[in-house]
There are 2 protein chains.
Amino acid sequence: MSQYVPPIGAPRDAIDTPALLLDRDRLEGNIRRMADLFRDTPIRLRPHFKSHKCVEIARLQLEAGAVGITCAKLGEAEVLADAGVHDILVANQVVGPIKIARLIDLERRGDVMVAVDSARNVADLSAAAVGAGVGIRCLVEVDIGMDRCGVRPGEPALELARVVAASPGLVFMGLQAYEGHLQEVTPYEERRRRTLEDVQKAVDTRRLIEAAGIPVAIVSGGGSGTHTITGHLDGIDELQVGSYATMDAAYAAAGGVDFENALTVLATVISRPASERCIVDAGLKAITSEFGVPRVLIDGASFHEWHEEHGELLLEGSACELQVGDKVELIPSHGCTTFNLYDTVHVLRDGRLAERWAVAGRGRTQ
Amino acid sequence: MSQYVPPIGAPRDAIDTPALLLDRDRLEGNIRRMADLFRDTPIRLRPHFKSHKCVEIARLQLEAGAVGITCAKLGEAEVLADAGVHDILVANQVVGPIKIARLIDLERRGDVMVAVDSARNVADLSAAAVGAGVGIRCLVEVDIGMDRCGVRPGEPALELARVVAASPGLVFMGLQAYEGHLQEVTPYEERRRRTLEDVQKAVDTRRLIEAAGIPVAIVSGGGSGTHTITGHLDGIDELQVGSYATMDAAYAAAGGVDFENALTVLATVISRPASERCIVDAGLKAITSEFGVPRVLIDGASFHEWHEEHGELLLEGSACELQVGDKVELIPSHGCTTFNLYDTVHVLRDGRLAERWAVAGRGRTQ
């Protein structure tokens with residue numbers, strides 16, 4: 001006997017713990033809501049795979065009208081290509097001969113697009129594409145304030161765009177400009193003000209490049225926290241929203257977005273050391289901590305402290321009735337990294353197990 | 001083509017990134033050093049599997065004289081049993097009918113021991129053991145100050161020991177008392193003072209139980225940060241040390257232990273946005289954050305900020321020469337949870353790939 005595989009139709013509490021649960025109706029509602037928001041607008045959706053890493057969810061997003069899928073790593077793109085998804089943006093720099101060879105192979109199987117931010121990487125990509133006889137679509141990544149990857153907006157971006165446009169084997173497609181530093185700024189009005197200001201740098205850069213005679217087909221940016229702002233800016237073409245599909249406690253706490261939480265971790269009370277405390281079997285290896293504590297879906301219970309294998313809850317009122325063996329659901333503060341801890345997500349409908357999906361992109365960090 | 005598998009003998013820089021690296025000579029040196037420390041003492045080593053999750057490392061620890069292996073979860077114990085390890089302590093409460101059935105199955109295949117801290121769980125284990133016709137060895141977990149699982153020292157522990165000893169199908173073996181709250185206390189003298197004080201509660205409880213006529217075969221405790229203290233206390237039998245085998249930056253920073261760092265994450269510089277900053281391809285999904293920043297093994301480089309898929313390094317002096325495509329090694333602040341992000345660890349000898357080991361216990365949180 002090994003890890004228990006619950007039968008389809010099993011009630012929630014028959015699922016062994018810790019386990020990742022996903023409410024299918026809420027997931028579908030979120031995907032529909034985002035699609036509806038942009039259905040009759042110039043904006044195209046290219047949802048981010050790094051959030052959920054499940055090909056089943058990517059397919060639901062494509063069926064709802066997404067033009068393709070964004071992912072963070074080449075390994076995720078390979079998972080998507082294996083699942084029959086073809087229009088894939090790898091929204092990061094693909095660096096070094098091993099990865100560039102994989103990128104070329106992926107281009108032969110589908111249609112990839114990649115972010116670039118250095119002339120050296122552009123030269124490597126160009127040489128490999130020419131050698132293989134393929135064309136690789138590139139977005140020049142522009143740093144509009146996150147201080148991560150990307151060239152500066154304006155002239156530096158134009159300069160790299162010219163290099164890409166002049167590089168054999170590469171196709172300059174446009175810009176990537178992700179305002180990741182603003183996704184959870186509160187209050188929302190402050191988020192709105194700063195997003196308009198920073199994303200405008202990407203739009204201005206687009207105009208500069210177009211004025212230089214280089215066509216710009218795509219400016220891609222936006223996230224679940226800013227789609228209502230970036231998604232209405234003239235000069236933005238694609239949104240690479242991710243977390244909206246399942247949501248998490250951090251996005252919910254930041255507010256300003258209208259999606260339902262579909263993702264939880266199911267845990268079991270394994271110890272009741274004191275009347276006002278209980279210990280559950282979900283710690284740092286079952287639910288991630290970098291965005292703060294999870295929300296506990298039991299009145300009077302709050303998550304207090306992480307251990308590697310345990311979570312400590314503080315209890316008040318009726319929550320003090322929790323006993324050893326009882327199940328509790330926790331909403332992760334950060335869904336993306338919590339998904340990455342699991343091989344399987346249990347998909348529930350009306351509180352019963354409807355499907356088990358592989359988290360196929362888990363661990364595909366290369 | 002998919003994720004790149006480097007050939008045995010490949011130099012470090014031929015390994016694609018992010019990748020988990022383990023220096024075999026240092027690993028073996030650490031295992032030997034710990035074994036030597038306790039070779040001619042009454043203390044037995046039962047190293048913790050949750051730290052590294054690799055059966056190859058567990059085998060090296062057993063070959064060096066360990067009496068068995070400790071693990072955190074039943075899923076890890078199953079991995080160990082599949083690898084032929086038989087004397088296994090599951091150092092946590094095994095709760096609920098699904099897990100108890102798995103525990104019984106494991107007992108049929110080997111010889112497990114489990115921690116208990118509630119009469120209810122003891123009753124469930126007893127009923128299952130009797131039903132299956134097996135005997136399950138139990139340690140009563142005592143909370144000596146960590147405020148996690150466990151009954152209070154003294155009378156409450158004696159009371160539960162009596163219940164276990166009187167339960168058919170169960171064998172009362174002794175106590176588990178882990179001073180997890182003291183492992184990284186600095187300065188070491190303060191760690192020593194508090195460890196002596198807290199672990200004494202376990203020893204006193206042992207004496208109380210023995211005085212009541214119940215034999216105590218095992219008191220298990222200690223960790224990599226306190227083995228030099230707890231390992232010399234009369235009344236302690238087993239140490240469940242884990243991190244010493246590979247070490248990590250947090251244990252090294254806390255000091256007071258004499259092991260070499262054997263574990264690193266190899267990453268690639270993917271962006272050079274400014275002369276004093278670079279971005280590597282290892283973020284929260286490649287190296288964990290809860291114990292602080294990793295140590296960068298390049299003079300003048302320091303880890304500044306995590307993103308989900310990226311790490312940002314600050315550069316000074318010669319580190320400013322780092323270029324896109326260069327490799328850097330990072331010592332994780334927390335080895336246990338970083339291991340849990342990888343399917344494979346690359347074992348190096350003299351800077352070349354010697355073996356690839358599966359992190360077989362990864363994700364076995366159930």
# chains A, B, ... in the order shown; residues from 1 in each chain; ligands from 1
$ closest_atom_pairs --of "range 168-265 of chain A" --to "range 90-95 of chain A" --cutoff "10 Å" --atoms "only C-alpha atoms" --output "JSON lines"
{"residue": "A:Gln176", "atom": "CA", "partner": "A:Ala91", "partner_atom": "CA", "distance": 7.7}
{"residue": "A:Ala177", "atom": "CA", "partner": "A:Ala91", "partner_atom": "CA", "distance": 9.9}
{"residue": "A:Tyr178", "atom": "CA", "partner": "A:Ala91", "partner_atom": "CA", "distance": 9.5}
{"residue": "A:Ser220", "atom": "CA", "partner": "A:Ala91", "partner_atom": "CA", "distance": 9.4}
{"residue": "A:Gly221", "atom": "CA", "partner": "A:Ala91", "partner_atom": "CA", "distance": 10.0}
{"residue": "A:Gln240", "atom": "CA", "partner": "A:Ala91", "partner_atom": "CA", "distance": 9.1}
$ closest_atom_pairs --of "range 239-319 of chain B" --to "range 46-67 of chain A" --cutoff "12 Å" --atoms "only C-alpha atoms" --output "Markdown table"
| residue | atom | partner | partner_atom | distance |
| --- | --- | --- | --- | --- |
| B:Lys285 | CA | A:Lys50 | CA | 10.3 |
| B:Glu308 | CA | A:Lys50 | CA | 9.2 |
| B:Glu309 | CA | A:Lys50 | CA | 9.1 |
$ write_last_selection --atoms "C-alpha atoms" --output "PDB file, in the first residue's frame"
ATOM      1  CA  LYS B 285      10.564  27.528  -6.857  1.00  0.00           C
ATOM      2  CA  GLU B 308       8.943  33.399  -8.012  1.00  0.00           C
ATOM      3  CA  GLU B 309      11.286  32.367 -10.841  1.00  0.00           C
TER       4      GLU B 309
END
$ residues_around --residues "Gly317 in chain B" --least-positions-apart "6" --cutoff "12 Å" --atoms "only C-alpha atoms" --output "list in words"
Ser275, Glu276, Arg277, Ile298, Asp299, Gly300, Ala301 and Ser302 of chain B
$ closest_residue --among "A:Ile331, A:Leu89, A:Ala212, A:Leu313" --to "chain B" --atoms "only C-alpha atoms"
A:Leu313
$ interface_residues --of "chain A" --to "chain B" --cutoff "6 Å" --atoms "only C-alpha atoms" --output "PyMOL selection string"
chain A and resi 17-18+96+149+271+325+366
